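Quick notes on the structure that follows.
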Amino acid sequence: MTNTASRPVPGTAEPYRPAEIEVKWQKQWENDQLYRAEDTVPGKENWFALTMFPYPSGDVHIGHWFAYTPADAHARFMRMQGFNVMHPQGFDSFGLPAENAAISRGADPREWTLANMDNMRRQFKLMGASYDWSRELASSHPDYYRWNQHFFLKFFEQGIAYRKNGAANWCPKDQTTLANEQVKDGACERCGTLVIRREMPQWYFRITDYADELLEMNGIDWPEKIKLMQRNWIGRSTGVTIGFDVSDYVPGTQEEKIETFTTRIDTIFGVTFVVLAPEHPLAEKLTQPAHKAEVDAYIENARKQSEIERTSTEREKTGVHTGALATNPLNGEMVPVLIGDYVLATYGTGAVMGVPAHDQRDFIFAKKFGLPIRVVVAPEGWNGGELAEAYVAPGIQVNSGKFDGLDSGEGMGRIADKIEANSWGHRTITYHLRDWLISRQRYWGTPIPIIYCDECGTVPVPEHDLPVLLPENVEFTPTGQSPLTLDDEFVNVPCPDCGRPAKRETDTMDTFVDSSWYHLRYTSPGLMEEPFDSDRVKKWIPVHQYFGGSEHAVMHLLYVRFFNKALRDLGFVDFDEPYARLFNQGTLTRDHMKISKRANPLNPEPIVEKFGTDTLRCYLMFLGPWDQGGDWSDQAINGVHRWLNRVWDLALRNTVSTSNGSSTDERVLERVSHALTGRVVADMKQFKFNTIIAALMEYTNELSRIREAQNVSTDSWSAAIDRLLLHIAPLAPHIAEELWERTGHDYSIHTQATPVWDESKAASEIETIVVQVNGKVRDQIDLEAGVEEGTAFEAALASDKVQRHLENSEIIKKIFVPGRLVSIVVKPVK
């Protein structure tokens, strides 16, 4: 590790000038392609470190730094641990902001995006990140998005991709559909406009076919909160689907039923009403003439509201009567049918049975509309009186016909058996998860490779015609309508099957399709014949470590798992999960508010100009636990900068030794050095960057003390400085590289191994003993571990700080706690 024979003798350290050395080494690393990953390196295991690639919005802001620099530090650490590390970067470059720029500024989306990518690439290099830029990708490049189209066609062949009419979330401002996950508090997550519901033909991926498999997450090392969020979003429920007859109210039909799903079939005898979604196909048929005007107005109003609004638990439930009655098959009772906007046509059957005695929402609804509340599962000690609120716990069946007296758990099974035996319904598994809506009515995305022919119907674009290119030099209207719909040359094409005039699909794909397989493309940059090379994929994937925010839990992180399983079933890959490990960073704030480009900006470039990249990197890692985030302080960064200056000074100043290698400081230095490495390695594996830097600061302080004492050998001192630089290297790569060179080592520190450590040498041989006089701490003394009581008292009494408090006093008691405390009790001498 150390070559003291060739090491120059440093003199007085010149000032630390981060701007000079950072530019120097960034150019050197780039010219040498130091971080270029080979697919195979003899004797090394591969390690794929990946952070969610950014949208090229124009600048790498401080939030990017907070996400990317700790991830880079960990990738550098794994390289020093002996792995062959691939750490690529690219751009998630399709998306709505480019179109918004085109509309508001008259910019060309392609040119706007490319210019932003150039700027952000420069800023990423300023960050000093160890990216393999030879593997860079951009999802808006035809060489990439042609494979989106290829996968779509394969999904279409297998029925995974399909088109149907359905109610979609529609943003009136952006003129596009939104997935449920992209609606936040009833508004578009991009622009904040209130979302409405709109019926239109849509393209979907059958993610629901994989619902049960997506619930299986035992084989991936992901945060439990992410697993829980995905399980809740998938929302698997077991219960019974049962039909309520409404044939008397639907003329011309022999049998018409409202199907409902319930997880509490034990409460079926307590049904006192049924509620339909406004979009339910029976809503109009069942509405009686006297109620038509009120129902029509109610349905029209519901269409203006988002699903999030309609299902909010804070919103009062509303509804209107249809005038129809539905028959409960278990007891023959006829109950009123209402329409309520809190019921969704896209979830379950689009109808719910109201059991107000055993569901609090139904209880409130029944009270509002004067509907009966009948107890059918009795709480312990129930005397038959009215309930003050719904009783939702298990109990004993009452008012339930022949099932009275049964435990409600047993009642569930018996009632379900009777329903199935009489063909009134069946046991069912349902999911909250819905198929992935991928259609977007926008320009800047992957064109969906479908052509519509009056003769041949829906026709896939032939593979040899891929990619379907986005037209250039398009014009945007203030309404936000997609230019694709207005481009006759793009829209009007011959049918691939019959040659007759046909029209091209003008929807583009949700950009989450782009990010659902990008990790695979990183293994095979520039490959033209196929999306990725299967042999190279096997060398790198599943991704060993993935980084990103928890806000992507039920969007990107769920979609990418589905996409991988679909590709597996189509024979593209042979593994189940794309990312073996996941770590979520927290949120960086300033003045306890989220930092954003508009509301609370913080540009990193002036900070780099003032303090240097390494200071900013280390400060972001030091300000708090990475997974919890932290609050920016303009003052606190100065402390990190002072620390790096001390490191610079320590490494380059002379240290005159008077030691033969056997002093107490020699033993202390050996112990703290090995302890440091043990702590750094353990904390690096847990992404505890703040405690790593705290440990390095403590070590720096200890080295400063030892240098002043000049009581260690030159070899020991040089080894300690080397150890310090090697541990700093992943965190502050530029200063570490510069000091490594200046202290006589061969280039590069970033190809060195993590220092070795011995746990037995890290064990403390020194104990810090607190000395009290009359219960007050007067000093702390360092003694050899296991020191005897007499020796401890001798050392305590020899302390000048202690002696000052013993003057004119008589010692009346001594207390010794081994390894911890010397306590002296005195009284004044008269």
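Scheme for the structure tokens: letters A, B, ... for chains in order shown; per-chain residue numbers from 1; ligand numbers from 1 in order shown.
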(message) Set the distance at 9 Å and use only C-alpha atoms: which residues neighbour A:Leu557 once local chain neighbours fewer than 4 positions away are removed? I'd like the list as a PyMOL selection string.
(response) chain A and resi 226+230+516+550+552-553+561-562
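Across the model, the gap from atom CA of A:Met528 to atom CA of A:Pro142 is 10.7 Å.
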Cut-off 8 Å: closest stretch 401-457 of chain A/stretch 180-203 of chain A atom pairs per residue, using only C-alpha atoms, as JSON lines:
{"residue": "A:Leu437", "atom": "CA", "partner": "A:Trp203", "partner_atom": "CA", "distance": 6.1}
{"residue": "A:Ile438", "atom": "CA", "partner": "A:Trp203", "partner_atom": "CA", "distance": 5.8}
{"residue": "A:Ser439", "atom": "CA", "partner": "A:Trp203", "partner_atom": "CA", "distance": 5.3}
Please dump the current selection as a JSON list (two decimals), in the first residue's frame; keep N, CA and C atoms.
[["chain", "number", "residue", "atom", "x", "y", "z"],
["A", 437, "LEU", "N", -52.52, 1.59, -18.23],
["A", 437, "LEU", "CA", -52.92, 2.44, -19.35],
["A", 437, "LEU", "C", -51.66, 3.11, -19.91],
["A", 438, "ILE", "N", -51.29, 2.78, -21.14],
["A", 438, "ILE", "CA", -50.05, 3.32, -21.69],
["A", 438, "ILE", "C", -50.28, 4.39, -22.75],
["A", 439, "SER", "N", -51.53, 4.63, -23.17],
["A", 439, "SER", "CA", -51.81, 5.62, -24.22],
["A", 439, "SER", "C", -51.62, 7.04, -23.70]]
(request) Identify which of the residues A:Glu738, A:Lys565, A:Asp487, A:Ile62 lies closest to A:Trp632, counting only C-alpha atoms when measuring atom-to-atom distances. (result) A:Ile62
(request) For A:Ile268, please output as an MDAnalysis selection string all residues within 10 Å (counting only C-alpha atoms; exclusion window: fewer than 6 positions along the same chain). (result) chainID A and resid 242 262 328:331 353:355 376 400 412 415
Residue subset to file, keeping N, CA and C atoms, as an mmCIF file, in the first residue's frame:
data_model
loop_
_atom_site.group_PDB
_atom_site.id
_atom_site.type_symbol
_atom_site.label_atom_id
_atom_site.label_comp_id
_atom_site.auth_asym_id
_atom_site.auth_seq_id
_atom_site.Cartn_x
_atom_site.Cartn_y
_atom_site.Cartn_z
ATOM 1 N N ILE A 242 -71.696 -12.092 -5.685
ATOM 2 C CA ILE A 242 -73.089 -12.541 -5.590
ATOM 3 C C ILE A 242 -73.977 -11.592 -6.397
ATOM 4 N N THR A 262 -67.909 -8.965 -2.167
ATOM 5 C CA THR A 262 -67.735 -8.637 -0.751
ATOM 6 C C THR A 262 -66.726 -9.565 -0.103
ATOM 7 N N ASN A 328 -82.319 -9.676 -2.734
ATOM 8 C CA ASN A 328 -81.261 -10.428 -2.064
ATOM 9 C C ASN A 328 -81.609 -11.914 -2.152
ATOM 10 N N PRO A 329 -80.783 -12.749 -2.802
ATOM 11 C CA PRO A 329 -81.155 -14.155 -2.988
ATOM 12 C C PRO A 329 -81.172 -14.965 -1.694
ATOM 13 N N LEU A 330 -80.495 -14.486 -0.649
ATOM 14 C CA LEU A 330 -80.435 -15.249 0.597
ATOM 15 C C LEU A 330 -81.738 -15.177 1.375
ATOM 16 N N ASN A 331 -82.408 -14.024 1.361
ATOM 17 C CA ASN A 331 -83.636 -13.903 2.160
ATOM 18 C C ASN A 331 -84.818 -13.368 1.358
ATOM 19 N N MET A 353 -72.743 -3.758 -2.257
ATOM 20 C CA MET A 353 -73.912 -3.993 -1.403
ATOM 21 C C MET A 353 -73.715 -3.226 -0.113
ATOM 22 N N GLY A 354 -74.729 -2.514 0.333
ATOM 23 C CA GLY A 354 -74.638 -1.702 1.533
ATOM 24 C C GLY A 354 -75.036 -2.481 2.768
ATOM 25 N N VAL A 355 -74.079 -2.607 3.714
ATOM 26 C CA VAL A 355 -74.320 -3.306 4.986
ATOM 27 C C VAL A 355 -74.000 -2.329 6.110
ATOM 28 N N VAL A 376 -76.370 -8.160 11.897
ATOM 29 C CA VAL A 376 -76.397 -9.598 11.577
ATOM 30 C C VAL A 376 -75.180 -10.319 12.121
ATOM 31 N N SER A 400 -79.828 -13.994 10.728
ATOM 32 C CA SER A 400 -79.216 -14.597 9.539
ATOM 33 C C SER A 400 -79.827 -15.947 9.194
ATOM 34 N N MET A 412 -69.136 -17.410 7.394
ATOM 35 C CA MET A 412 -68.622 -17.043 6.066
ATOM 36 C C MET A 412 -68.555 -18.258 5.155
ATOM 37 N N ILE A 415 -72.172 -19.813 4.451
ATOM 38 C CA ILE A 415 -72.984 -18.979 3.557
ATOM 39 C C ILE A 415 -72.440 -19.048 2.132
#
(message) Could you tell me how far atom CA of A:Thr677 sits from atom CA of A:Pro755, in Å to one decimal place?
(response) 6.8 Å
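Atom CA of A:Pro18 to atom CA of A:Glu702 spans 24.3 Å [interatomic distance, one decimal].
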(request) Mind the document's chain letters and residue numbers, and return as a list of chain:residue names the residues of stretch 486-580 of chain A that DSSP labels strand (DSSP E). (result)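 After running DSSP on the backbone, stretch 486-580 of chain A has strand (DSSP E) at A:Asn492, A:Val493, A:Pro494, A:Pro501, A:Ala502, A:Lys503, A:Arg504, A:Thr508, A:Met509, A:Gln545, A:Tyr546, A:Phe547, A:Gly548, A:Gly549.
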Produce a file of the selected residues containing all heavy atoms, as a short mmCIF file (atom, residue, chain, number, x, y, z; two decimals), in the first residue's frame.
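Okay, out.cif is ready:
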data_model
loop_
_atom_site.label_atom_id
_atom_site.label_comp_id
_atom_site.auth_asym_id
_atom_site.auth_seq_id
_atom_site.Cartn_x
_atom_site.Cartn_y
_atom_site.Cartn_z
N ASN A 492 -51.70 9.36 -42.51
CA ASN A 492 -52.26 8.64 -43.67
C ASN A 492 -51.20 7.76 -44.32
O ASN A 492 -50.24 8.26 -44.92
CB ASN A 492 -52.81 9.64 -44.68
CG ASN A 492 -53.94 10.48 -44.08
OD1 ASN A 492 -54.87 9.94 -43.48
ND2 ASN A 492 -53.85 11.80 -44.23
N VAL A 493 -51.38 6.46 -44.17
CA VAL A 493 -50.42 5.48 -44.68
C VAL A 493 -51.18 4.31 -45.30
O VAL A 493 -52.36 4.09 -44.99
CB VAL A 493 -49.52 4.96 -43.55
CG1 VAL A 493 -48.60 6.04 -43.03
CG2 VAL A 493 -50.35 4.36 -42.41
N PRO A 494 -50.55 3.55 -46.19
CA PRO A 494 -51.21 2.36 -46.72
C PRO A 494 -51.23 1.24 -45.69
O PRO A 494 -50.33 1.12 -44.86
CB PRO A 494 -50.34 1.98 -47.92
CG PRO A 494 -49.00 2.56 -47.61
CD PRO A 494 -49.26 3.81 -46.83
N PRO A 501 -55.84 2.65 -48.32
CA PRO A 501 -55.56 3.77 -47.41
C PRO A 501 -55.95 3.42 -45.97
O PRO A 501 -57.01 2.83 -45.73
CB PRO A 501 -56.45 4.90 -47.97
CG PRO A 501 -56.61 4.56 -49.40
CD PRO A 501 -56.68 3.06 -49.45
N ALA A 502 -55.09 3.78 -45.05
CA ALA A 502 -55.32 3.50 -43.63
C ALA A 502 -54.76 4.65 -42.82
O ALA A 502 -54.16 5.59 -43.36
CB ALA A 502 -54.65 2.18 -43.25
N LYS A 503 -54.98 4.57 -41.51
CA LYS A 503 -54.52 5.64 -40.63
C LYS A 503 -53.65 5.07 -39.51
O LYS A 503 -53.96 4.03 -38.93
CB LYS A 503 -55.71 6.41 -40.04
CG LYS A 503 -56.48 7.20 -41.10
CD LYS A 503 -57.50 8.11 -40.46
CE LYS A 503 -58.25 8.91 -41.51
NZ LYS A 503 -57.35 9.84 -42.24
N ARG A 504 -52.60 5.82 -39.21
CA ARG A 504 -51.68 5.40 -38.17
C ARG A 504 -52.21 5.81 -36.79
O ARG A 504 -52.87 6.84 -36.65
CB ARG A 504 -50.32 6.05 -38.41
CG ARG A 504 -49.17 5.42 -37.62
CD ARG A 504 -47.88 6.18 -37.80
NE ARG A 504 -47.35 6.16 -39.16
CZ ARG A 504 -46.70 5.14 -39.71
NH1 ARG A 504 -46.53 4.03 -39.02
NH2 ARG A 504 -46.23 5.22 -40.94
N THR A 508 -48.96 8.07 -28.31
CA THR A 508 -47.61 7.62 -27.99
C THR A 508 -47.64 6.90 -26.64
O THR A 508 -48.62 6.95 -25.91
CB THR A 508 -46.62 8.79 -27.94
OG1 THR A 508 -47.09 9.77 -27.03
CG2 THR A 508 -46.45 9.40 -29.33
N MET A 509 -46.54 6.23 -26.32
CA MET A 509 -46.50 5.40 -25.11
C MET A 509 -46.15 6.22 -23.88
O MET A 509 -45.36 7.18 -23.94
CB MET A 509 -45.46 4.29 -25.27
CG MET A 509 -45.74 3.30 -26.36
SD MET A 509 -44.51 1.97 -26.34
CE MET A 509 -44.67 1.37 -28.03
N GLN A 545 -27.30 -3.36 -7.40
CA GLN A 545 -27.74 -2.31 -6.48
C GLN A 545 -28.42 -1.20 -7.27
O GLN A 545 -27.83 -0.61 -8.17
CB GLN A 545 -26.57 -1.73 -5.70
CG GLN A 545 -26.97 -0.68 -4.68
CD GLN A 545 -27.87 -1.24 -3.58
OE1 GLN A 545 -27.48 -2.13 -2.84
NE2 GLN A 545 -29.08 -0.73 -3.48
N TYR A 546 -29.68 -0.93 -6.91
CA TYR A 546 -30.47 0.11 -7.57
C TYR A 546 -30.78 1.19 -6.55
O TYR A 546 -31.07 0.89 -5.38
CB TYR A 546 -31.76 -0.49 -8.12
CG TYR A 546 -32.47 0.35 -9.15
CD1 TYR A 546 -31.78 0.98 -10.17
CD2 TYR A 546 -33.86 0.50 -9.12
CE1 TYR A 546 -32.43 1.74 -11.14
CE2 TYR A 546 -34.52 1.24 -10.09
CZ TYR A 546 -33.80 1.86 -11.09
OH TYR A 546 -34.45 2.60 -12.05
N PHE A 547 -30.70 2.46 -6.99
CA PHE A 547 -30.96 3.59 -6.12
C PHE A 547 -32.07 4.45 -6.72
O PHE A 547 -32.15 4.63 -7.93
CB PHE A 547 -29.71 4.46 -5.97
CG PHE A 547 -28.52 3.77 -5.37
CD1 PHE A 547 -27.51 3.29 -6.19
CD2 PHE A 547 -28.39 3.63 -4.00
CE1 PHE A 547 -26.39 2.66 -5.64
CE2 PHE A 547 -27.28 3.00 -3.45
CZ PHE A 547 -26.28 2.51 -4.28
N GLY A 548 -32.89 5.03 -5.86
CA GLY A 548 -33.92 5.95 -6.34
C GLY A 548 -34.90 6.28 -5.24
O GLY A 548 -34.86 5.72 -4.14
N GLY A 549 -35.80 7.20 -5.53
CA GLY A 549 -36.74 7.69 -4.54
C GLY A 549 -37.92 6.77 -4.33
O GLY A 549 -38.38 6.08 -5.25
#
(request) Might you pull out every residue within 6 Å of A:Arg36, with only C-alpha atoms counted and same-chain residues fewer than 2 positions away left off, and present them as a PyMOL selection string? (result) chain A and resi 33-34+132
With N, CA and C atoms retained, export the selected residues as a compact mmCIF listing (two decimals), in the first residue's frame.
# COMPACT_ATOMS: atom_id res chain seq x y z
N GLN A 33 -10.35 6.93 -19.67
CA GLN A 33 -11.53 6.05 -19.57
C GLN A 33 -11.40 5.13 -18.35
N LEU A 34 -11.06 5.77 -17.23
CA LEU A 34 -10.78 5.03 -16.01
C LEU A 34 -11.96 4.20 -15.53
N ASP A 132 -19.60 5.34 -16.54
CA ASP A 132 -19.10 4.80 -17.79
C ASP A 132 -19.92 5.42 -18.91
(message) Could you list, as an NGL selection string, every residue within 8 Å of stretch 808-816 of chain A, counting only C-alpha atoms and ignoring same-chain residues fewer than 5 positions away?
(response) :A and (789 or 821-829)
(request) Skip A:Glu259 itself and residues of its chain fewer than 6 positions away, then list as a PyMOL selection string all residues within 10 Å of it, counting only C-alpha atoms. (result) chain A and resi 241-245+274+276+348-353+424-425
Those residues with all heavy atoms, as an mmCIF file, in the first residue's frame please?
data_model
loop_
_atom_site.group_PDB
_atom_site.id
_atom_site.type_symbol
_atom_site.label_atom_id
_atom_site.label_comp_id
_atom_site.auth_asym_id
_atom_site.auth_seq_id
_atom_site.Cartn_x
_atom_site.Cartn_y
_atom_site.Cartn_z
ATOM 1 N N THR A 241 -68.493 -13.187 -4.971
ATOM 2 C CA THR A 241 -69.299 -12.387 -5.898
ATOM 3 C C THR A 241 -70.711 -12.954 -5.893
ATOM 4 O O THR A 241 -70.894 -14.175 -6.052
ATOM 5 C CB THR A 241 -68.716 -12.445 -7.323
ATOM 6 O OG1 THR A 241 -67.403 -11.866 -7.314
ATOM 7 C CG2 THR A 241 -69.587 -11.668 -8.293
ATOM 8 N N ILE A 242 -71.696 -12.092 -5.685
ATOM 9 C CA ILE A 242 -73.089 -12.541 -5.590
ATOM 10 C C ILE A 242 -73.977 -11.592 -6.397
ATOM 11 O O ILE A 242 -73.711 -10.380 -6.470
ATOM 12 C CB ILE A 242 -73.552 -12.598 -4.115
ATOM 13 C CG1 ILE A 242 -74.969 -13.149 -4.021
ATOM 14 C CG2 ILE A 242 -73.419 -11.251 -3.421
ATOM 15 C CD1 ILE A 242 -75.398 -13.477 -2.595
ATOM 16 N N GLY A 243 -75.015 -12.140 -7.036
ATOM 17 C CA GLY A 243 -75.905 -11.352 -7.868
ATOM 18 C C GLY A 243 -77.217 -11.004 -7.175
ATOM 19 O O GLY A 243 -77.830 -11.850 -6.500
ATOM 20 N N PHE A 244 -77.658 -9.755 -7.338
ATOM 21 C CA PHE A 244 -78.958 -9.281 -6.842
ATOM 22 C C PHE A 244 -79.875 -9.089 -8.055
ATOM 23 O O PHE A 244 -79.541 -8.307 -8.964
ATOM 24 C CB PHE A 244 -78.796 -7.960 -6.082
ATOM 25 C CG PHE A 244 -78.123 -8.090 -4.744
ATOM 26 C CD1 PHE A 244 -76.752 -8.296 -4.635
ATOM 27 C CD2 PHE A 244 -78.870 -8.014 -3.576
ATOM 28 C CE1 PHE A 244 -76.140 -8.414 -3.403
ATOM 29 C CE2 PHE A 244 -78.264 -8.137 -2.329
ATOM 30 C CZ PHE A 244 -76.900 -8.337 -2.236
ATOM 31 N N ASP A 245 -80.983 -9.783 -8.070
ATOM 32 C CA ASP A 245 -81.857 -9.781 -9.244
ATOM 33 C C ASP A 245 -82.607 -8.447 -9.394
ATOM 34 O O ASP A 245 -83.196 -7.934 -8.440
ATOM 35 C CB ASP A 245 -82.873 -10.920 -9.140
ATOM 36 C CG ASP A 245 -83.602 -11.121 -10.447
ATOM 37 O OD1 ASP A 245 -84.620 -10.439 -10.647
ATOM 38 O OD2 ASP A 245 -83.147 -11.941 -11.270
ATOM 39 N N VAL A 274 -78.246 -1.290 -2.364
ATOM 40 C CA VAL A 274 -77.174 -1.566 -3.318
ATOM 41 C C VAL A 274 -76.850 -0.254 -4.031
ATOM 42 O O VAL A 274 -77.754 0.517 -4.366
ATOM 43 C CB VAL A 274 -77.590 -2.639 -4.350
ATOM 44 C CG1 VAL A 274 -76.524 -2.799 -5.429
ATOM 45 C CG2 VAL A 274 -77.851 -3.976 -3.658
ATOM 46 N N LEU A 276 -74.707 1.579 -7.275
ATOM 47 C CA LEU A 276 -74.020 1.430 -8.553
ATOM 48 C C LEU A 276 -73.096 2.612 -8.804
ATOM 49 O O LEU A 276 -73.386 3.739 -8.401
ATOM 50 C CB LEU A 276 -75.024 1.354 -9.715
ATOM 51 C CG LEU A 276 -76.090 0.263 -9.694
ATOM 52 C CD1 LEU A 276 -76.974 0.394 -10.939
ATOM 53 C CD2 LEU A 276 -75.445 -1.108 -9.642
ATOM 54 N N GLY A 348 -63.517 -3.677 -9.092
ATOM 55 C CA GLY A 348 -64.455 -4.741 -8.761
ATOM 56 C C GLY A 348 -65.536 -4.863 -9.821
ATOM 57 O O GLY A 348 -65.261 -4.836 -11.021
ATOM 58 N N THR A 349 -66.780 -4.959 -9.379
ATOM 59 C CA THR A 349 -67.905 -5.115 -10.310
ATOM 60 C C THR A 349 -68.576 -3.794 -10.650
ATOM 61 O O THR A 349 -69.503 -3.756 -11.460
ATOM 62 C CB THR A 349 -68.963 -6.048 -9.692
ATOM 63 O OG1 THR A 349 -69.512 -5.420 -8.531
ATOM 64 C CG2 THR A 349 -68.357 -7.397 -9.316
ATOM 65 N N GLY A 350 -68.141 -2.701 -10.029
ATOM 66 C CA GLY A 350 -68.789 -1.416 -10.259
ATOM 67 C C GLY A 350 -70.060 -1.255 -9.449
ATOM 68 O O GLY A 350 -70.844 -0.333 -9.701
ATOM 69 N N ALA A 351 -70.281 -2.153 -8.488
ATOM 70 C CA ALA A 351 -71.465 -2.081 -7.613
ATOM 71 C C ALA A 351 -71.081 -2.595 -6.238
ATOM 72 O O ALA A 351 -70.221 -3.479 -6.116
ATOM 73 C CB ALA A 351 -72.615 -2.902 -8.185
ATOM 74 N N VAL A 352 -71.707 -2.042 -5.210
ATOM 75 C CA VAL A 352 -71.437 -2.517 -3.853
ATOM 76 C C VAL A 352 -72.751 -2.759 -3.136
ATOM 77 O O VAL A 352 -73.753 -2.082 -3.389
ATOM 78 C CB VAL A 352 -70.593 -1.508 -3.044
ATOM 79 C CG1 VAL A 352 -69.235 -1.311 -3.675
ATOM 80 C CG2 VAL A 352 -71.313 -0.191 -2.887
ATOM 81 N N MET A 353 -72.743 -3.758 -2.257
ATOM 82 C CA MET A 353 -73.912 -3.993 -1.403
ATOM 83 C C MET A 353 -73.715 -3.226 -0.113
ATOM 84 O O MET A 353 -72.629 -3.227 0.475
ATOM 85 C CB MET A 353 -74.093 -5.481 -1.143
ATOM 86 C CG MET A 353 -72.957 -6.165 -0.425
ATOM 87 S SD MET A 353 -73.225 -7.955 -0.266
ATOM 88 C CE MET A 353 -72.424 -8.265 1.307
ATOM 89 N N TRP A 424 -75.990 -18.789 -7.030
ATOM 90 C CA TRP A 424 -76.257 -17.360 -6.818
ATOM 91 C C TRP A 424 -74.981 -16.518 -6.958
ATOM 92 O O TRP A 424 -75.046 -15.305 -7.047
ATOM 93 C CB TRP A 424 -76.843 -17.130 -5.429
ATOM 94 C CG TRP A 424 -78.202 -17.746 -5.247
ATOM 95 C CD1 TRP A 424 -79.128 -17.983 -6.204
ATOM 96 C CD2 TRP A 424 -78.758 -18.186 -4.008
ATOM 97 N NE1 TRP A 424 -80.250 -18.552 -5.656
ATOM 98 C CE2 TRP A 424 -80.058 -18.685 -4.297
ATOM 99 C CE3 TRP A 424 -78.318 -18.216 -2.682
ATOM 100 C CZ2 TRP A 424 -80.901 -19.213 -3.309
ATOM 101 C CZ3 TRP A 424 -79.156 -18.735 -1.704
ATOM 102 C CH2 TRP A 424 -80.434 -19.223 -2.018
ATOM 103 N N GLY A 425 -73.845 -17.187 -6.919
ATOM 104 C CA GLY A 425 -72.564 -16.491 -6.988
ATOM 105 C C GLY A 425 -71.428 -17.477 -6.821
ATOM 106 O O GLY A 425 -71.624 -18.697 -6.909
#
(request) Can you pull out every residue within 9 Å of stretch 89-99 of chain A, counting only C-alpha atoms, but drop anything in the same chain fewer than 3 positions away, and send it as a PyMOL selection string? (result) chain A and resi 50-57+102-104+107-110+112-114+117+121+131-133+135-141+174+190+442-446+476+480+510-511+514-515+522
(message) Quick check for you: according to DSSP on this backbone, which residues of stretch 489-585 of chain A are classed as helix (DSSP H, G or I)? Reply as a count of residues only.
(response) 35
(request) Return the single residue from A:Ile265, A:Ala390, A:Phe152, A:Pro542 that is closest to A:Ala49, with distances computed using only C-alpha atoms. (result)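 Using only C-alpha atoms, A:Ala49 sits closest to A:Pro542.
In this comparison, which uses only C-alpha atoms, the residue of A:Gln123, A:Ser713, A:Asn399, A:Thr208 approaching A:Trp65 most closely is A:Gln123.
Here the question is which of A:Asp576, A:Glu666, A:Glu788, A:Glu455 gets nearest to A:Asp497 using only C-alpha atoms, and that residue is A:Glu455.
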